[in-house]
Structures are given as structure tokens and as C-alpha cells.
$ cat data-v4.pdb   # PDB, C-alpha atoms
MODEL        1
ATOM      1  CA  ASP T 124     198.340 158.376  72.595  1.00  0.00           C
ATOM      2  CA  GLY T 125     199.398 161.305  74.744  1.00  0.00           C
ATOM      3  CA  GLY T 126     197.075 162.549  77.410  1.00  0.00           C
ATOM      4  CA  ILE T 127     196.217 162.951  81.065  1.00  0.00           C
ATOM      5  CA  THR T 128     194.904 160.112  83.191  1.00  0.00           C
ATOM      6  CA  GLN T 129     192.990 160.797  86.371  1.00  0.00           C
ATOM      7  CA  SER T 130     192.071 158.061  88.793  1.00  0.00           C
ATOM      8  CA  PRO T 131     189.842 156.962  90.264  1.00  0.00           C
ATOM      9  CA  LYS T 132     186.832 158.173  88.295  1.00  0.00           C
ATOM     10  CA  TYR T 133     184.629 158.060  91.408  1.00  0.00           C
ATOM     11  CA  LEU T 134     185.798 158.302  95.009  1.00  0.00           C
ATOM     12  CA  PHE T 135     183.904 158.193  98.268  1.00  0.00           C
ATOM     13  CA  ARG T 136     185.330 159.643 101.431  1.00  0.00           C
ATOM     14  CA  LYS T 137     184.211 159.264 104.985  1.00  0.00           C
ATOM     15  CA  GLU T 138     184.228 162.207 107.348  1.00  0.00           C
ATOM     16  CA  GLY T 139     187.701 162.817 108.781  1.00  0.00           C
ATOM     17  CA  GLN T 140     189.552 160.850 106.106  1.00  0.00           C
ATOM     18  CA  ASN T 141     192.322 162.033 103.821  1.00  0.00           C
ATOM     19  CA  VAL T 142     192.089 160.875 100.218  1.00  0.00           C
ATOM     20  CA  THR T 143     194.510 161.213  97.313  1.00  0.00           C
ATOM     21  CA  LEU T 144     193.539 161.821  93.711  1.00  0.00           C
ATOM     22  CA  SER T 145     195.954 160.684  91.048  1.00  0.00           C
ATOM     23  CA  CYS T 146     196.952 162.665  87.943  1.00  0.00           C
ATOM     24  CA  GLU T 147     199.477 161.338  85.405  1.00  0.00           C
ATOM     25  CA  GLN T 148     200.423 162.857  82.036  1.00  0.00           C
ATOM     26  CA  ASN T 149     202.618 161.660  79.170  1.00  0.00           C
ATOM     27  CA  LEU T 150     202.555 164.908  77.200  1.00  0.00           C
ATOM     28  CA  ASN T 151     205.971 166.034  78.481  1.00  0.00           C
ATOM     29  CA  HIS T 152     204.322 169.171  79.878  1.00  0.00           C
ATOM     30  CA  ASP T 153     206.132 171.042  82.622  1.00  0.00           C
ATOM     31  CA  ALA T 154     203.081 172.797  84.058  1.00  0.00           C
ATOM     32  CA  MET T 155     200.238 171.005  85.843  1.00  0.00           C
ATOM     33  CA  TYR T 156     197.110 172.283  87.543  1.00  0.00           C
ATOM     34  CA  TRP T 157     194.309 171.126  89.827  1.00  0.00           C
ATOM     35  CA  TYR T 158     190.848 172.662  89.533  1.00  0.00           C
ATOM     36  CA  ARG T 159     187.655 172.093  91.437  1.00  0.00           C
ATOM     37  CA  GLN T 160     184.299 172.341  89.652  1.00  0.00           C
ATOM     38  CA  ASP T 161     181.008 172.928  91.457  1.00  0.00           C
ATOM     39  CA  PRO T 162     177.634 173.460  89.772  1.00  0.00           C
ATOM     40  CA  GLY T 163     177.215 177.066  88.646  1.00  0.00           C
ATOM     41  CA  GLN T 164     180.706 178.106  89.777  1.00  0.00           C
ATOM     42  CA  GLY T 165     182.945 177.176  86.905  1.00  0.00           C
ATOM     43  CA  LEU T 166     186.479 175.974  87.594  1.00  0.00           C
ATOM     44  CA  ARG T 167     188.414 177.237  90.583  1.00  0.00           C
ATOM     45  CA  LEU T 168     192.179 176.786  90.861  1.00  0.00           C
ATOM     46  CA  ILE T 169     193.422 174.756  93.837  1.00  0.00           C
ATOM     47  CA  TYR T 170     197.169 174.337  93.188  1.00  0.00           C
ATOM     48  CA  TYR T 171     199.501 174.600  90.248  1.00  0.00           C
ATOM     49  CA  SER T 172     203.060 173.603  89.459  1.00  0.00           C
ATOM     50  CA  GLN T 173     205.238 175.102  86.738  1.00  0.00           C
ATOM     51  CA  ILE T 174     208.169 172.754  87.299  1.00  0.00           C
ATOM     52  CA  VAL T 175     209.162 169.630  89.223  1.00  0.00           C
ATOM     53  CA  ASN T 176     209.630 170.100  92.994  1.00  0.00           C
ATOM     54  CA  ASP T 177     207.822 173.444  92.937  1.00  0.00           C
ATOM     55  CA  PHE T 178     204.141 174.347  93.325  1.00  0.00           C
ATOM     56  CA  GLN T 179     201.996 177.327  94.315  1.00  0.00           C
ATOM     57  CA  LYS T 180     198.637 177.774  95.976  1.00  0.00           C
ATOM     58  CA  GLY T 181     195.726 178.747  93.829  1.00  0.00           C
ATOM     59  CA  ASP T 182     192.574 180.544  94.881  1.00  0.00           C
ATOM     60  CA  ILE T 183     191.108 177.806  97.096  1.00  0.00           C
ATOM     61  CA  ALA T 184     194.095 175.833  98.481  1.00  0.00           C
ATOM     62  CA  GLU T 185     192.867 175.493 102.077  1.00  0.00           C
ATOM     63  CA  GLY T 186     192.308 171.848 103.015  1.00  0.00           C
ATOM     64  CA  TYR T 187     194.312 170.510 100.065  1.00  0.00           C
ATOM     65  CA  SER T 188     197.937 169.477  99.548  1.00  0.00           C
ATOM     66  CA  VAL T 189     200.003 168.447  96.524  1.00  0.00           C
ATOM     67  CA  SER T 190     203.432 167.143  95.595  1.00  0.00           C
ATOM     68  CA  ARG T 191     205.430 167.265  92.348  1.00  0.00           C
ATOM     69  CA  GLU T 192     208.259 164.761  92.617  1.00  0.00           C
ATOM     70  CA  LYS T 193     208.072 163.694  88.984  1.00  0.00           C
ATOM     71  CA  LYS T 194     207.297 165.627  85.831  1.00  0.00           C
ATOM     72  CA  GLU T 195     204.562 163.159  84.904  1.00  0.00           C
ATOM     73  CA  SER T 196     202.706 163.112  88.213  1.00  0.00           C
ATOM     74  CA  PHE T 197     200.842 165.696  90.302  1.00  0.00           C
ATOM     75  CA  PRO T 198     198.730 164.008  93.009  1.00  0.00           C
ATOM     76  CA  LEU T 199     196.205 165.975  95.051  1.00  0.00           C
ATOM     77  CA  THR T 200     195.377 165.085  98.665  1.00  0.00           C
ATOM     78  CA  VAL T 201     192.045 166.226 100.037  1.00  0.00           C
ATOM     79  CA  THR T 202     192.553 166.441 103.784  1.00  0.00           C
ATOM     80  CA  SER T 203     190.045 166.283 106.614  1.00  0.00           C
ATOM     81  CA  ALA T 204     190.485 170.049 106.963  1.00  0.00           C
ATOM     82  CA  GLN T 205     188.547 170.564 103.721  1.00  0.00           C
ATOM     83  CA  LYS T 206     185.036 171.106 105.037  1.00  0.00           C
ATOM     84  CA  ASN T 207     183.114 170.736 101.796  1.00  0.00           C
ATOM     85  CA  PRO T 208     185.082 168.353  99.561  1.00  0.00           C
ATOM     86  CA  THR T 209     182.217 166.970  97.477  1.00  0.00           C
ATOM     87  CA  ALA T 210     182.968 168.181  93.935  1.00  0.00           C
ATOM     88  CA  PHE T 211     184.318 167.271  90.518  1.00  0.00           C
ATOM     89  CA  TYR T 212     188.129 167.563  90.440  1.00  0.00           C
ATOM     90  CA  LEU T 213     189.993 168.239  87.212  1.00  0.00           C
ATOM     91  CA  CYS T 214     193.702 167.983  86.514  1.00  0.00           C
ATOM     92  CA  ALA T 215     195.268 169.798  83.558  1.00  0.00           C
ATOM     93  CA  SER T 216     198.683 170.304  82.016  1.00  0.00           C
ATOM     94  CA  SER T 217     200.318 172.723  79.608  1.00  0.00           C
ATOM     95  CA  ILE T 218     203.681 173.959  78.415  1.00  0.00           C
ATOM     96  CA  PRO T 219     205.132 176.568  80.843  1.00  0.00           C
ATOM     97  CA  GLY T 220     203.070 179.722  80.647  1.00  0.00           C
ATOM     98  CA  GLY T 221     200.856 178.052  78.090  1.00  0.00           C
ATOM     99  CA  THR T 222     197.153 178.699  78.095  1.00  0.00           C
ATOM    100  CA  ARG T 223     196.104 175.733  75.974  1.00  0.00           C
ATOM    101  CA  TYR T 224     195.379 173.260  78.693  1.00  0.00           C
ATOM    102  CA  THR T 225     194.852 169.546  78.247  1.00  0.00           C
ATOM    103  CA  PHE T 226     192.424 168.256  80.846  1.00  0.00           C
ATOM    104  CA  GLY T 227     191.913 164.830  82.306  1.00  0.00           C
ATOM    105  CA  SER T 228     188.462 163.249  82.558  1.00  0.00           C
ATOM    106  CA  GLY T 229     188.062 164.195  86.189  1.00  0.00           C
ATOM    107  CA  THR T 230     187.433 162.525  89.544  1.00  0.00           C
ATOM    108  CA  ARG T 231     184.078 162.892  91.261  1.00  0.00           C
ATOM    109  CA  LEU T 232     184.592 162.935  95.030  1.00  0.00           C
ATOM    110  CA  THR T 233     181.647 162.390  97.355  1.00  0.00           C
ATOM    111  CA  VAL T 234     181.652 162.554 101.142  1.00  0.00           C
ATOM    112  CA  VAL T 235     179.546 159.810 102.710  1.00  0.00           C
TER     113      VAL T 235
ATOM    114  CA  GLN Z 742     182.421 190.777  91.872  1.00  0.00           C
ATOM    115  CA  LYS Z 743     183.930 187.905  89.933  1.00  0.00           C
ATOM    116  CA  GLU Z 744     186.700 188.644  87.470  1.00  0.00           C
ATOM    117  CA  VAL Z 745     184.830 186.764  84.752  1.00  0.00           C
ATOM    118  CA  GLU Z 746     181.050 186.641  84.505  1.00  0.00           C
ATOM    119  CA  GLN Z 747     179.195 184.164  82.320  1.00  0.00           C
ATOM    120  CA  ASP Z 748     175.464 183.560  82.144  1.00  0.00           C
ATOM    121  CA  PRO Z 749     175.012 179.954  83.295  1.00  0.00           C
ATOM    122  CA  GLY Z 750     171.819 179.478  81.311  1.00  0.00           C
ATOM    123  CA  PRO Z 751     170.609 176.878  80.754  1.00  0.00           C
ATOM    124  CA  LEU Z 752     170.122 177.653  77.086  1.00  0.00           C
ATOM    125  CA  SER Z 753     167.885 175.465  74.938  1.00  0.00           C
ATOM    126  CA  VAL Z 754     167.676 175.945  71.155  1.00  0.00           C
ATOM    127  CA  PRO Z 755     166.325 174.004  68.164  1.00  0.00           C
ATOM    128  CA  GLU Z 756     168.689 172.297  65.759  1.00  0.00           C
ATOM    129  CA  GLY Z 757     169.985 174.705  63.129  1.00  0.00           C
ATOM    130  CA  ALA Z 758     169.734 177.793  65.325  1.00  0.00           C
ATOM    131  CA  ILE Z 759     172.516 180.324  65.787  1.00  0.00           C
ATOM    132  CA  VAL Z 760     173.779 180.271  69.364  1.00  0.00           C
ATOM    133  CA  SER Z 761     175.446 183.206  71.102  1.00  0.00           C
ATOM    134  CA  LEU Z 762     177.417 182.651  74.299  1.00  0.00           C
ATOM    135  CA  ASN Z 763     178.920 185.588  76.162  1.00  0.00           C
ATOM    136  CA  CYS Z 764     181.332 186.542  78.932  1.00  0.00           C
ATOM    137  CA  THR Z 765     182.275 189.833  80.479  1.00  0.00           C
ATOM    138  CA  TYR Z 766     185.421 190.485  82.484  1.00  0.00           C
ATOM    139  CA  SER Z 767     186.796 193.168  84.748  1.00  0.00           C
ATOM    140  CA  ASN Z 768     190.576 192.618  84.596  1.00  0.00           C
ATOM    141  CA  SER Z 769     191.989 194.712  81.759  1.00  0.00           C
ATOM    142  CA  ALA Z 770     195.252 192.720  81.988  1.00  0.00           C
ATOM    143  CA  PHE Z 771     193.606 189.667  80.390  1.00  0.00           C
ATOM    144  CA  GLN Z 772     195.082 189.177  76.948  1.00  0.00           C
ATOM    145  CA  TYR Z 773     194.442 185.529  76.050  1.00  0.00           C
ATOM    146  CA  PHE Z 774     190.835 184.433  75.584  1.00  0.00           C
ATOM    147  CA  MET Z 775     189.635 180.877  75.184  1.00  0.00           C
ATOM    148  CA  TRP Z 776     186.482 178.835  74.876  1.00  0.00           C
ATOM    149  CA  TYR Z 777     186.359 175.305  76.245  1.00  0.00           C
ATOM    150  CA  ARG Z 778     183.603 172.746  75.631  1.00  0.00           C
ATOM    151  CA  GLN Z 779     182.768 170.209  78.316  1.00  0.00           C
ATOM    152  CA  TYR Z 780     180.550 167.201  77.767  1.00  0.00           C
ATOM    153  CA  SER Z 781     178.780 165.690  80.745  1.00  0.00           C
ATOM    154  CA  ARG Z 782     181.127 163.961  83.214  1.00  0.00           C
ATOM    155  CA  LYS Z 783     184.162 164.731  81.044  1.00  0.00           C
ATOM    156  CA  GLY Z 784     187.058 167.173  81.201  1.00  0.00           C
ATOM    157  CA  PRO Z 785     186.890 170.411  79.176  1.00  0.00           C
ATOM    158  CA  GLU Z 786     188.477 170.498  75.725  1.00  0.00           C
ATOM    159  CA  LEU Z 787     189.853 173.597  74.049  1.00  0.00           C
ATOM    160  CA  LEU Z 788     187.538 174.831  71.319  1.00  0.00           C
ATOM    161  CA  MET Z 789     188.971 178.193  70.322  1.00  0.00           C
ATOM    162  CA  TYR Z 790     191.543 180.702  71.491  1.00  0.00           C
ATOM    163  CA  THR Z 791     192.468 184.233  70.509  1.00  0.00           C
ATOM    164  CA  TYR Z 792     194.597 187.051  71.837  1.00  0.00           C
ATOM    165  CA  SER Z 793     193.408 190.013  69.836  1.00  0.00           C
ATOM    166  CA  SER Z 794     190.245 192.000  69.421  1.00  0.00           C
ATOM    167  CA  GLY Z 795     188.092 191.034  66.468  1.00  0.00           C
ATOM    168  CA  ASN Z 796     186.717 187.788  65.099  1.00  0.00           C
ATOM    169  CA  LYS Z 797     188.248 184.365  64.647  1.00  0.00           C
ATOM    170  CA  GLU Z 798     186.399 181.724  62.696  1.00  0.00           C
ATOM    171  CA  ASP Z 799     186.756 177.927  62.727  1.00  0.00           C
ATOM    172  CA  GLY Z 800     184.093 176.050  60.832  1.00  0.00           C
ATOM    173  CA  ARG Z 801     180.726 176.679  62.492  1.00  0.00           C
ATOM    174  CA  PHE Z 802     182.337 178.493  65.404  1.00  0.00           C
ATOM    175  CA  THR Z 803     183.276 182.180  65.615  1.00  0.00           C
ATOM    176  CA  ALA Z 804     185.020 183.739  68.604  1.00  0.00           C
ATOM    177  CA  GLN Z 805     184.695 187.482  69.049  1.00  0.00           C
ATOM    178  CA  VAL Z 806     186.675 189.695  71.412  1.00  0.00           C
ATOM    179  CA  ASP Z 807     185.986 193.340  72.248  1.00  0.00           C
ATOM    180  CA  LYS Z 808     188.712 194.489  74.642  1.00  0.00           C
ATOM    181  CA  SER Z 809     187.366 198.027  74.862  1.00  0.00           C
ATOM    182  CA  SER Z 810     184.093 196.688  76.283  1.00  0.00           C
ATOM    183  CA  LYS Z 811     185.731 193.745  78.113  1.00  0.00           C
ATOM    184  CA  TYR Z 812     183.356 191.367  76.377  1.00  0.00           C
ATOM    185  CA  ILE Z 813     183.867 188.105  74.514  1.00  0.00           C
ATOM    186  CA  SER Z 814     181.435 185.949  72.585  1.00  0.00           C
ATOM    187  CA  LEU Z 815     181.231 182.556  70.938  1.00  0.00           C
ATOM    188  CA  PHE Z 816     178.812 182.059  68.065  1.00  0.00           C
ATOM    189  CA  ILE Z 817     177.754 178.633  66.868  1.00  0.00           C
ATOM    190  CA  ARG Z 818     176.092 178.487  63.445  1.00  0.00           C
ATOM    191  CA  ASP Z 819     173.807 175.674  62.319  1.00  0.00           C
ATOM    192  CA  SER Z 820     173.827 174.193  65.817  1.00  0.00           C
ATOM    193  CA  GLN Z 821     173.660 170.409  66.132  1.00  0.00           C
ATOM    194  CA  PRO Z 822     172.500 168.115  68.956  1.00  0.00           C
ATOM    195  CA  SER Z 823     176.166 167.095  69.303  1.00  0.00           C
ATOM    196  CA  ASP Z 824     176.898 170.701  70.353  1.00  0.00           C
ATOM    197  CA  SER Z 825     174.935 170.080  73.567  1.00  0.00           C
ATOM    198  CA  ALA Z 826     177.503 170.650  76.320  1.00  0.00           C
ATOM    199  CA  THR Z 827     178.710 173.192  78.858  1.00  0.00           C
ATOM    200  CA  TYR Z 828     180.728 176.026  77.321  1.00  0.00           C
ATOM    201  CA  LEU Z 829     183.329 177.727  79.486  1.00  0.00           C
ATOM    202  CA  CYS Z 830     185.097 180.962  78.686  1.00  0.00           C
ATOM    203  CA  ALA Z 831     188.606 181.333  80.086  1.00  0.00           C
ATOM    204  CA  MET Z 832     191.140 184.146  80.193  1.00  0.00           C
ATOM    205  CA  SER Z 833     194.754 184.707  81.064  1.00  0.00           C
ATOM    206  CA  VAL Z 834     197.253 187.492  81.543  1.00  0.00           C
ATOM    207  CA  ILE Z 835     200.649 187.343  79.904  1.00  0.00           C
ATOM    208  CA  GLY Z 836     203.665 187.387  82.189  1.00  0.00           C
ATOM    209  CA  GLY Z 837     203.952 188.182  85.870  1.00  0.00           C
ATOM    210  CA  THR Z 838     203.092 185.842  88.712  1.00  0.00           C
ATOM    211  CA  SER Z 839     199.863 184.780  87.023  1.00  0.00           C
ATOM    212  CA  TYR Z 840     201.684 183.526  83.926  1.00  0.00           C
ATOM    213  CA  GLY Z 841     199.831 180.547  82.484  1.00  0.00           C
ATOM    214  CA  LYS Z 842     196.967 180.600  84.986  1.00  0.00           C
ATOM    215  CA  LEU Z 843     193.474 180.567  83.537  1.00  0.00           C
ATOM    216  CA  THR Z 844     190.448 182.264  85.084  1.00  0.00           C
ATOM    217  CA  PHE Z 845     187.202 180.590  84.050  1.00  0.00           C
ATOM    218  CA  GLY Z 846     183.642 181.772  83.757  1.00  0.00           C
ATOM    219  CA  GLN Z 847     180.843 179.814  85.423  1.00  0.00           C
ATOM    220  CA  GLY Z 848     179.995 177.943  82.208  1.00  0.00           C
ATOM    221  CA  THR Z 849     176.808 177.994  80.096  1.00  0.00           C
ATOM    222  CA  ILE Z 850     174.821 174.782  79.712  1.00  0.00           C
ATOM    223  CA  LEU Z 851     173.610 174.453  76.105  1.00  0.00           C
ATOM    224  CA  THR Z 852     171.061 171.957  74.825  1.00  0.00           C
ATOM    225  CA  VAL Z 853     170.321 171.671  71.102  1.00  0.00           C
ATOM    226  CA  HIS Z 854     167.178 169.648  70.512  1.00  0.00           C
ATOM    227  CA  PRO Z 855     166.322 167.943  67.202  1.00  0.00           C
TER     228      PRO Z 855
ENDMDL
END

$ encode --input "data-v4.pdb" --output "C-alpha cells"
Amino acid sequence: DGGITQSPKYLFRKEGQNVTLSCEQNLNHDAMYWYRQDPGQGLRLIYYSQIVNDFQKGDIAEGYSVSREKKESFPLTVTSAQKNPTAFYLCASSIPGGTRYTFGSGTRLTVV
Amino acid sequence: QKEVEQDPGPLSVPEGAIVSLNCTYSNSAFQYFMWYRQYSRKGPELLMYTYSSGNKEDGRFTAQVDKSSKYISLFIRDSQPSDSATYLCAMSVIGGTSYGKLTFGQGTILTVHP
């Protein structure tokens, strides 16, 4: 079955650590996105990529980094510069310019 | 002011009720309008989409868009406990540097009790 796989489901980070969230898709979609979800704030765009080896900052990119070396993969690194990283992180994909996103099941990151 | 405003609720209704969920927006360039449903601790799933003013119906769900008022709605008829979820409106422009990017509302938490 085609879909998006995010791992891990739960992640705990210590202060000052970098952590990487995995996102893999087998839908053959060119475009991939990372969103952050906080209670009462909806989804906010962190980074997006319309094609391999290219990506753009979203609305809240500070403290995050991404790479897009393969069409299927779009990992997100939450760096120590992100001051409030505790949130639910969602990865999505679509055809280029498409608005019908397919989302993964999310990763819940908690700072301990 | 946020580009998309959605009443976060929570909204609690009895089974069988008609539910109305609403979003307003300020960017007149938005042309695609979507509703996503998100169950607890899951990713959102696309429920309905439309790109024109008027109504679009799919089973118990009706999406309504009024571009002149910058207002969209989702109606759920004969609501069921399985409809209990967070409903997110989302919008997109067509073309330009924002091509394909969605702007989401805050989400409305809906509970349908038996």
C-alpha cells in the first residue's frame, strides 16, 4: 500500500541535543512538506521541497534543517537552536503544486 | 491577524445533529479550499476540496464556499460518534511562489456523543 511513514512515533530530546525525524513516502510524489502542530494553533509550515535537492523555508524554519537527497525521503532535524521544540510533527507529500496532501501519522517530540 | 481563522471549539453535539464548522480568511488570492479530518494522535486526512463558490456534497458532508464574504463552511448531517475528531480548514493560492502550499486554520475539536 502506498503511503507516508514517519518514525519514530514518540521521541524524547534532552536540552542541547539535535534530533532527526524520519519521513519516507512510496507515493512517487515530488513535493514533500513538514508541519508543526501545537494545541490551538493548527498546522504551521516548517520546510517544503518541490523536487529532489531543492527545498524552501516555510513560516517557522528557525531552529530546523532538512535535506532532500532522494525523492522518497525528507528528514527533518530539530536543532538545539529551536527553543520550544515540544510539538507534534507532521510530514506530508503531494504532486507538484498539488493541494491534496497525504499525511503521515506524525512524530510527537518532547523535550525532557 | 491570521490569514485563516477557525473557531477552535470545542464543539459537543448529540448523535444525529447537524454540525456546522466555519472558517474565515483574509487573503483574496486563495482559490483552493479543503477540509481535513484528524483523529487523535493521527495525521490529517483529506475530507473534501473545492475551488469554486457554492456547495459541494459528498454523502453526509457538504462544503460551502462564499468567496465574496471570504467564508467557508463544512456541514455534517446526521452526525455520528465516529465523526468525533478535529476538523481543519485549509486553503491555497494557485501559481506563484506559494504554489502548492496550504495555509491551515487552527482546527475545531468536535465530539459527537451517543

$ interface_residues --input "data-v4.pdb" --of "chain T" --to "chain Z" --cutoff "9 Å" --atoms "only C-alpha atoms" --output "list in words"
Ala154, Tyr156, Pro162, Gly163, Gln164, Gly165, Leu166, Arg167, Leu168, Tyr171, Gln173, Phe211, Leu213, Cys214, Ala215, Ser217, Ile218, Pro219, Gly220, Gly221, Thr222, Arg223, Tyr224, Thr225, Phe226, Gly227, Ser228, Gly229 and Arg231 of chain T

$ resolve_selection --input "data-v4.pdb" --expression "the PyMOL selection byres ((chain T and resi 150) around 9)" --output "ChimeraX atom specification"
/T:125-127,148-149,151-153,195,216-217

$ resolve_selection --input "data-v4.pdb" --expression "the PyMOL selection byres ((chain T and resi 138) around 9)" --output "compact mmCIF listing (two decimals) with C-alpha atoms, in the coordinates of the input"
# COMPACT_ATOMS: atom_id res chain seq x y z
CA ARG T 136 185.33 159.64 101.43
CA LYS T 137 184.21 159.26 104.98
CA GLY T 139 187.70 162.82 108.78
CA GLN T 140 189.55 160.85 106.11
CA ASN T 141 192.32 162.03 103.82
CA SER T 203 190.04 166.28 106.61
CA VAL T 234 181.65 162.55 101.14
CA VAL T 235 179.55 159.81 102.71

$ residues_near_point --input "data-v4.pdb" --point "(201.4, 161.8, 94.3)" --cutoff "12 Å" --atoms "only C-alpha atoms" --output "PyMOL selection string"
chain T and resi 129-130+142-147+176+188-201

$ atom_distance --input "data-v4.pdb" --atom1 "CA of Asp799 (chain Z)" --atom2 "CA of Pro751 (chain Z)"
24.2 Å

$ residues_around --input "data-v4.pdb" --residues "Thr230 (chain T)" --least-positions-apart "3" --cutoff "6 Å" --atoms "all atoms listed in the file" --output "number ranges by chain"
T: 132-133, 211-212

$ atom_distance --input "data-v4.pdb" --atom1 "CA of Ser825 (chain Z)" --atom2 "CA of Ala758 (chain Z)"
12.4 Å

$ residues_around --input "data-v4.pdb" --residues "Arg818 (chain Z)" --least-positions-apart "5" --cutoff "12 Å" --atoms "all atoms listed in the file" --output "list in words"
Val754, Pro755, Glu756, Gly757, Ala758, Ile759, Val760, Ser761, Leu762, Glu798, Asp799, Gly800, Arg801, Phe802, Thr803, Ala804, Asp824 and Val853 of chain Z

$ atom_distance --input "data-v4.pdb" --atom1 "CA of Ala770 (chain Z)" --atom2 "CA of Lys811 (chain Z)"
10.3 Å

$ axis_aligned_box --input "data-v4.pdb" --around "region 149-160 of chain T" --padding-each-side "6 Å" --output "lines of an AutoDock Vina configuration file"
center_x = 195.2
center_y = 167.2
center_z = 84.3
size_x = 33.8
size_y = 23.1
size_z = 26.2

$ closest_residue --input "data-v4.pdb" --among "Z:Gln805, Z:Asn768, Z:Ser814, Z:Asn763" --to "Glu744 (chain Z)" --atoms "only C-alpha atoms"
Z:Asn768

$ decode --input "data-v4.pdb" --residues "region 806-817 of chain Z" --atoms "N, CA and C atoms" --output "CSV table (one decimal), in the first residue's frame"
chain,number,residue,atom,x,y,z
Z,806,VAL,N,-18.6,27.4,0.0
Z,806,VAL,CA,-17.6,28.4,-0.2
Z,806,VAL,C,-18.3,29.7,-0.6
Z,807,ASP,N,-18.0,30.8,0.1
Z,807,ASP,CA,-18.5,32.1,-0.3
Z,807,ASP,C,-17.3,33.0,-0.5
Z,808,LYS,N,-16.8,33.2,-1.7
Z,808,LYS,CA,-15.6,34.0,-1.9
Z,808,LYS,C,-15.9,35.4,-1.7
Z,809,SER,N,-17.1,35.9,-1.9
Z,809,SER,CA,-17.3,37.3,-1.8
Z,809,SER,C,-17.3,37.7,-0.3
Z,810,SER,N,-17.6,36.8,0.6
Z,810,SER,CA,-17.5,37.1,2.0
Z,810,SER,C,-16.3,36.5,2.7
Z,811,LYS,N,-15.5,35.8,1.9
Z,811,LYS,CA,-14.3,35.1,2.4
Z,811,LYS,C,-14.6,34.2,3.5
Z,812,TYR,N,-15.5,33.2,3.3
Z,812,TYR,CA,-16.1,32.4,4.3
Z,812,TYR,C,-16.3,31.0,3.7
Z,813,ILE,N,-15.9,30.0,4.5
Z,813,ILE,CA,-16.2,28.6,4.0
Z,813,ILE,C,-16.8,27.9,5.2
Z,814,SER,N,-17.6,26.9,4.9
Z,814,SER,CA,-18.2,26.1,5.9
Z,814,SER,C,-18.2,24.6,5.5
Z,815,LEU,N,-18.3,23.8,6.5
Z,815,LEU,CA,-18.5,22.3,6.4
Z,815,LEU,C,-19.7,21.9,7.2
Z,816,PHE,N,-20.7,21.3,6.6
Z,816,PHE,CA,-21.8,20.8,7.3
Z,816,PHE,C,-21.8,19.3,7.3
Z,817,ILE,N,-22.1,18.8,8.5
Z,817,ILE,CA,-22.2,17.3,8.7
Z,817,ILE,C,-23.6,17.0,9.1
